[in-house]
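For reference, the structure is listed below as C-alpha cells.
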Amino acid sequence: MIFGGFSTTSTEQPLPVGAALLAPGSAAWRLGDGPAAVLATAGGYRRVLVLGHCGARDFELSLLAEAGPPPDVTWRWPGTYTVVEETPAGAVVHTDPASAQPVYATRWRGGWAWSTSSRLLASLIGAAIDTQRLACAVFLPSVPALAAGRSFFDGVDQLAPGARTELPADGTAWRVTTSWRPEPVPGWPADIRLREALAAAVALRTAADPALSSDLSGGLDSTSITVLAATALPAGHRLNAVTVHPDGDLGGADLHHARLAAASHPSRIAHHLLPLTDEHLPYTAITHIPVTDEPAPSTLARARLTGQLEWMRDALGTRTHLTGDGGDSILFQPPIHLADLIRHHRFRRAAGEAFGWARLRHTRVGPLLRDAACTARTTRDQALAALAHAVGTPGRNDHGKVAWFPLLPHPAWAGDQAAGLLTEAARQAAAVSDQLPGLDFAVRVLVDEIREVARTAAADAQLAAASGVALYNPFLDPLVVDAVLATPLGRRPPLHVYKPVLARAMSGLLPPETAARATKGSFDADHYTGLRVNQSDLSALADNYLAALGLLQPGPFRRHLVQAAAGLPMPLATLEQALTVEAWLTAHHRDPAPTWTVPAGSEFRG
C-alpha cells in the first residue's frame, strides 16, 4: 500500500510501474490496493485525498473538500492515514502525529514529489544511500532526534509528523505548520481514553476484514488486542489467535496466559499453537529479507516472522494480522519522568518512584535522584547542544539513567568514520528548532520514541506484505497515541509499575490473572542459540557494505560476534543494529531499483 504524487508545473509526471492515478486530473497515484477516498469541491478548485485506513463516516469525509481539512484531521478518527489537498498552487500534506504512515518528499523538476515510500522517491532521482543516517541507525538508534527528518537516501526527507506541510508547485521551500501537540486533557481518566481509542482502532480493522488473525503471546498487549478484536467481530465470526512457543515446551507461563485468554471467550476465539523449531531461530538467513524503505526491526527474527505469516496465510487464510507491538513504547514511562516530578515540585512522589525504580533495576536510588535533579534544570535544546561533545565516547553507557538522550556504549569495532558522522548529526540536530517546545520532558521523549517505533514498524509491515499479509499495530494508531500522551502528570503511571493504565482500561475483558501480570516471558535462549548456529554467516557480513563505508572494522567486529555467541555478558544492541542494517543494505543492492514510466508507457529514467 504505497501512495505518492507530484506538486509541480511540469507536464511530465511519471508513475511507478504498476501504479495508477487516483482520479482524472489528479497528480496523486496508488501502488497496490490500499484504501483511498477522493473528494472534490463543486468548482474543482480543491481535491482532498484520504489515503489509508480511516474510520471517518461518509458524511464526515464529504465535508473535507468544501470546508478543508481541520487541524486534527489525521487523528480525529481511528486508523492510519494521510490527508492530501491538491490545489492549483500545489499540494498540502497532512501527516499523522505518530509517524505510523510516514510521508517523504524530494525536489523534482522545479517542484516536489512526495510518497509514503522513500525508496521509490530515491529511484526517481537516483539518490544514493545516506551514510550519516546509517551511522545513526547503527550506533545511536536510542537517540532518534539525531536523524529526525532524514530518510536513508540523500535528498529524500521525511515530512514532519503531526503537521501541515505545503509543497508549492513552483518548487519554493516547503512550509510546515505543526498541527498536533499532546497537551494534557484533565478530567478524563487515561484508562477510559485508552480503552475507547484502542477499541476503535481494532474495530476498524475487524470491520475491514472479519477473517483477520491476531498474535496471542500471553502478555498484556497482545492479549488486549486479541480480546478487543474478538468482541468486535460480527456475529458468526471467530478470531484466529496464534501463540508461538518453543517446540516441545507446552508449559511456559506465556502459553498458560494465552490459553486463559482464549478460554475466556471460547465462542469468539479460535486458538492455534505454532511450535518454533530450529528453522525459526533468530539470525537465520537474515540477508534473505525482501527490500524495504529502511532496516526493519524484525530483520533478525526474519525466519520466525516469515514462517508464522506464511503458515497463517496457508493454514488459516489470513490476509490481515494484528499484533501488540508498540504497547511497550506508549505504556511505559521513561526515566526522565522523575525530572518532571521534580520540576513540578512533586518531591514525595519523585522519591517514592525513584525507590521503586531502584529496587526494580537493582541500583542505588541516590544517583537516580541526582540525575533527575540535574536533568530537571536542562532543556532539550541544551541537551542536544551537549550531545555533539558526547557521541562516540568509548565506554559510556547511559542505560537506565535519567537523561534526555541516553547514549549506548560506542563499540570497539566502530569504523573510523562513525564518530565524526555522529558528531555532525548531533550538531545538525541541535541547530533545528523544536516543533513541540514546552512539553513535559517525559512526553517529549515519548514523542520521539513512539515516532521511531511507528516509522520502523512500517518497514516490518513491508516485510509482512511480501508474504501476502497486511500487518497492523493498533497501539501505534495515532488516536491511541494521542489518548495516552494527553494524560496529565498527576494521572501518569508510576515509573516502576507494569502497565497499570492498560490493566485498568481492559478491566472486565482480561482474565484477572493475566491483568495482574507484572512480567513477560522471553526467547533469550533461542537468541543465543541462533547466534551460535548462524555465526559463520553473520561473520561473513563483516566485510560488506558497512566496512566499505568506514563504519565497521571487520576484525574487531568478528571477535565481538564470537564473544556474543559464546554468551559472554555484553551489550548487544549495537551489534544487532549493525547486522540489521547490513542485511538491509544487502537487500537494497541485491534487488533492482523501482522503475518509473511516463503515462504513455515508455520507460522513464530520473
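Labels for the C-alpha cells follow display order: chains A, B, ..., residues from 1 in each chain, ligands from 1.
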
- Message: List as a ChimeraX atom specification the protein and nucleic acid residues near Ala303 of chain A, meaning an atom at most 9 Å away when only C-alpha atoms are counted, but skip any in the same chain fewer than 4 places from it.
- Response: /A:279-286,299,307-308

Could you please take those selected residues and save C-alpha atoms as a PDB file, in the first residue's frame?
ATOM      1  CA  GLU A 279      14.432 -23.310  11.221  1.00  0.00           C
ATOM      2  CA  HIS A 280      12.851 -20.347  13.054  1.00  0.00           C
ATOM      3  CA  LEU A 281      15.939 -19.416  15.097  1.00  0.00           C
ATOM      4  CA  PRO A 282      16.908 -15.729  15.267  1.00  0.00           C
ATOM      5  CA  TYR A 283      19.647 -14.595  12.864  1.00  0.00           C
ATOM      6  CA  THR A 284      18.724 -17.273  10.331  1.00  0.00           C
ATOM      7  CA  ALA A 285      19.200 -16.174   6.692  1.00  0.00           C
ATOM      8  CA  ILE A 286      18.770 -12.513   7.587  1.00  0.00           C
ATOM      9  CA  THR A 299      15.090  -8.488  10.427  1.00  0.00           C
ATOM     10  CA  GLY A 307       7.337 -18.739   8.983  1.00  0.00           C
ATOM     11  CA  GLN A 308       4.415 -17.547  11.100  1.00  0.00           C
TER      12      GLN A 308
END

- segment 550-563 of chain A environment, 9 Å, only C-alpha atoms, sequence neighbours closer than 2 positions dropped, as a PyMOL selection string: chain A and resi 131+134-135+138+411-419+531-532+535+538-548+565-570+575+578

How about saving the chosen residues, N, CA and C atoms kept, as a tab-separated table (two decimals), in the first residue's frame?
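This went into result13.tsv:
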chain	number	residue	atom	x	y	z
A	131	THR	N	24.95	7.99	4.23
A	131	THR	CA	25.88	7.31	5.15
A	131	THR	C	25.71	7.82	6.58
A	134	LEU	N	22.91	6.06	8.16
A	134	LEU	CA	23.30	4.70	8.53
A	134	LEU	C	24.04	4.69	9.87
A	135	ALA	N	24.94	5.64	10.05
A	135	ALA	CA	25.70	5.70	11.30
A	135	ALA	C	24.77	5.89	12.50
A	138	VAL	N	22.95	2.58	13.25
A	138	VAL	CA	23.77	1.52	13.83
A	138	VAL	C	24.16	1.85	15.27
A	411	PRO	N	31.05	0.99	20.40
A	411	PRO	CA	31.79	-0.28	20.38
A	411	PRO	C	33.21	-0.12	19.84
A	412	ALA	N	34.08	-1.06	20.26
A	412	ALA	CA	35.47	-1.02	19.81
A	412	ALA	C	35.60	-1.34	18.33
A	413	TRP	N	34.57	-1.97	17.75
A	413	TRP	CA	34.64	-2.33	16.33
A	413	TRP	C	34.12	-1.21	15.41
A	414	ALA	N	33.74	-0.08	15.96
A	414	ALA	CA	33.26	1.03	15.13
A	414	ALA	C	34.36	1.50	14.19
A	415	GLY	N	33.99	1.82	12.96
A	415	GLY	CA	34.95	2.29	11.97
A	415	GLY	C	35.38	3.72	12.20
A	416	ASP	N	36.41	4.14	11.46
A	416	ASP	CA	36.99	5.46	11.64
A	416	ASP	C	36.01	6.59	11.34
A	417	GLN	N	35.05	6.35	10.46
A	417	GLN	CA	34.13	7.42	10.06
A	417	GLN	C	32.98	7.61	11.03
A	418	ALA	N	32.73	6.64	11.90
A	418	ALA	CA	31.50	6.63	12.69
A	418	ALA	C	31.37	7.84	13.62
A	419	ALA	N	32.40	8.08	14.45
A	419	ALA	CA	32.29	9.14	15.45
A	419	ALA	C	32.08	10.51	14.80
A	531	LEU	N	22.53	-17.16	17.46
A	531	LEU	CA	23.84	-16.55	17.23
A	531	LEU	C	24.90	-17.61	16.96
A	532	ARG	N	24.90	-18.67	17.76
A	532	ARG	CA	25.91	-19.71	17.60
A	532	ARG	C	25.73	-20.47	16.29
A	535	GLN	N	26.67	-18.22	13.27
A	535	GLN	CA	27.85	-17.38	13.46
A	535	GLN	C	28.67	-17.25	12.19
A	538	LEU	N	26.96	-14.82	9.76
A	538	LEU	CA	27.00	-13.46	10.29
A	538	LEU	C	28.41	-12.88	10.19
A	539	SER	N	29.40	-13.71	10.46
A	539	SER	CA	30.78	-13.26	10.38
A	539	SER	C	31.15	-12.81	8.98
A	540	ALA	N	30.58	-13.47	7.97
A	540	ALA	CA	30.88	-13.12	6.58
A	540	ALA	C	30.37	-11.72	6.23
A	541	LEU	N	29.38	-11.21	6.98
A	541	LEU	CA	28.83	-9.89	6.69
A	541	LEU	C	29.78	-8.77	7.11
A	542	ALA	N	30.80	-9.10	7.90
A	542	ALA	CA	31.70	-8.07	8.41
A	542	ALA	C	32.50	-7.37	7.31
A	543	ASP	N	32.65	-7.99	6.18
A	543	ASP	CA	33.44	-7.41	5.09
A	543	ASP	C	32.59	-6.70	4.05
A	544	ASN	N	31.31	-6.48	4.35
A	544	ASN	CA	30.41	-5.96	3.32
A	544	ASN	C	30.31	-4.44	3.35
A	545	TYR	N	29.11	-3.93	3.20
A	545	TYR	CA	28.87	-2.52	2.92
A	545	TYR	C	29.28	-1.58	4.05
A	546	LEU	N	28.97	-1.93	5.31
A	546	LEU	CA	29.33	-1.04	6.41
A	546	LEU	C	30.84	-0.88	6.53
A	547	ALA	N	31.57	-1.96	6.29
A	547	ALA	CA	33.04	-1.88	6.32
A	547	ALA	C	33.54	-0.98	5.19
A	548	ALA	N	32.95	-1.12	4.01
A	548	ALA	CA	33.38	-0.31	2.87
A	548	ALA	C	33.12	1.18	3.11
A	565	ALA	N	28.28	-14.78	20.78
A	565	ALA	CA	27.75	-16.13	20.55
A	565	ALA	C	28.11	-17.08	21.69
A	566	ALA	N	29.23	-16.81	22.35
A	566	ALA	CA	29.63	-17.64	23.49
A	566	ALA	C	28.84	-17.33	24.75
A	567	GLY	N	28.02	-16.28	24.70
A	567	GLY	CA	27.19	-15.92	25.84
A	567	GLY	C	27.86	-15.04	26.86
A	568	LEU	N	29.01	-14.44	26.50
A	568	LEU	CA	29.67	-13.54	27.43
A	568	LEU	C	28.80	-12.30	27.65
A	569	PRO	N	28.68	-11.84	28.89
A	569	PRO	CA	27.82	-10.67	29.15
A	569	PRO	C	28.38	-9.42	28.49
A	570	MET	N	27.58	-8.81	27.66
A	570	MET	CA	27.98	-7.60	26.94
A	570	MET	C	26.75	-6.96	26.34
A	575	LEU	N	25.50	-4.27	18.19
A	575	LEU	CA	25.83	-5.41	17.32
A	575	LEU	C	24.62	-5.81	16.50
A	578	ALA	N	23.90	-3.29	13.78
A	578	ALA	CA	24.82	-3.41	12.65
A	578	ALA	C	24.41	-4.55	11.73

- If you count only C-alpha atoms, which residues fall within 9 Å of Ala383 of chain A, apart from same-chain ones fewer than 5 positions away, as a list of chain:residue names?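 Those residues are A:Thr375, A:Thr378, A:Ala403, A:Trp404, A:Phe405, A:Ala430.
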
- Hey, what's within 6 Å of segment 109-119 of chain A if we count only C-alpha atoms and toss same-chain stuff fewer than 4 positions away? As a PyMOL selection string, please? chain A and resi 2-8+102-105+169-171+293

- Item | Å distance separating atom CA of Ala65 of chain A from atom CA of Gly18 of chain A, one decimal place | 28.0 Å

- Can you tell me, as an MDAnalysis selection string, what residues are no more than 6 Å from Asp96 of chain A when counting only C-alpha atoms, ignoring any on the same chain fewer than 4 positions away? chainID A and resid 74 161:162

Mind dumping the selected residues with N, CA and C atoms as a PDB file, in the first residue's frame?
ATOM      1  N   THR A  74      -5.802  14.171  10.930  1.00  0.00           N
ATOM      2  CA  THR A  74      -5.133  12.868  10.858  1.00  0.00           C
ATOM      3  C   THR A  74      -5.164  12.078  12.160  1.00  0.00           C
ATOM      4  N   PRO A 161       5.984  14.749  11.166  1.00  0.00           N
ATOM      5  CA  PRO A 161       4.743  14.112  11.614  1.00  0.00           C
ATOM      6  C   PRO A 161       3.848  15.111  12.350  1.00  0.00           C
ATOM      7  N   GLY A 162       2.553  14.859  12.291  1.00  0.00           N
ATOM      8  CA  GLY A 162       1.606  15.703  13.008  1.00  0.00           C
ATOM      9  C   GLY A 162       1.627  17.137  12.549  1.00  0.00           C
TER      10      GLY A 162
END

- For Glu86 of chain A, list every protein, DNA or RNA residue within 12 Å, evaluated using only C-alpha atoms, and leave out those in the same chain fewer than 6 positions away; present the list as a PyMOL selection string. chain A and resi 5-8+22-23+25-28+38-41+44-50+65+68-69+92-94+166-169

- Task: Just the helix (DSSP H, G or I) stuff from segment 214-416 of chain A, please, per backbone DSSP, written as an NGL selection string.
- Result: :A and (220-232 or 253-264 or 278-280 or 286-288 or 302-316 or 327-331 or 337-343 or 347-361 or 365-376 or 380-387)

Neighbours of Pro182 of chain A within 7 Å (only C-alpha atoms; same-chain residues fewer than 6 positions away dropped), as a PDB file with C-alpha atoms, in the first residue's frame?
ATOM      1  CA  ASP A 482      -2.869  10.947  21.313  1.00  0.00           C
ATOM      2  CA  LEU A 485       0.202  11.249  25.650  1.00  0.00           C
ATOM      3  CA  ALA A 486      -2.561  13.669  26.616  1.00  0.00           C
TER       4      ALA A 486
END

- Between A:Ala351, A:Leu121, A:Leu276, A:Arg268, which is the closest to Leu250 of chain A once you count only C-alpha atoms?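 Distance minimum relative to Leu250 of chain A lands on A:Leu276.
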
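Nearest to Ala197 of chain A of all the residues A:Pro78, A:Pro594, A:Gly366, A:Gly530 is A:Pro78, counting only C-alpha atoms.
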
- Task: Quick one: pull the distance between atom CA of Phe153 of chain A and atom CA of Ala429 of chain A, Å, one decimal.
- Result: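 Atom-to-atom, atom CA of Phe153 of chain A to atom CA of Ala429 of chain A, that is 17.5 Å.
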
- Message: Among segment 3-238 of chain A, which residues does DSSP mark as strand (DSSP E or B) when it is run on the backbone? Keep the chain and numbering as in the structure and answer as a PyMOL selection string.
- Response: chain A and resi 3-7+15-16+20-21+28-31+36-40+47-54+79-87+90-94+104-108+111-115+129+150+153+157-158+163-168+175-178+213-215
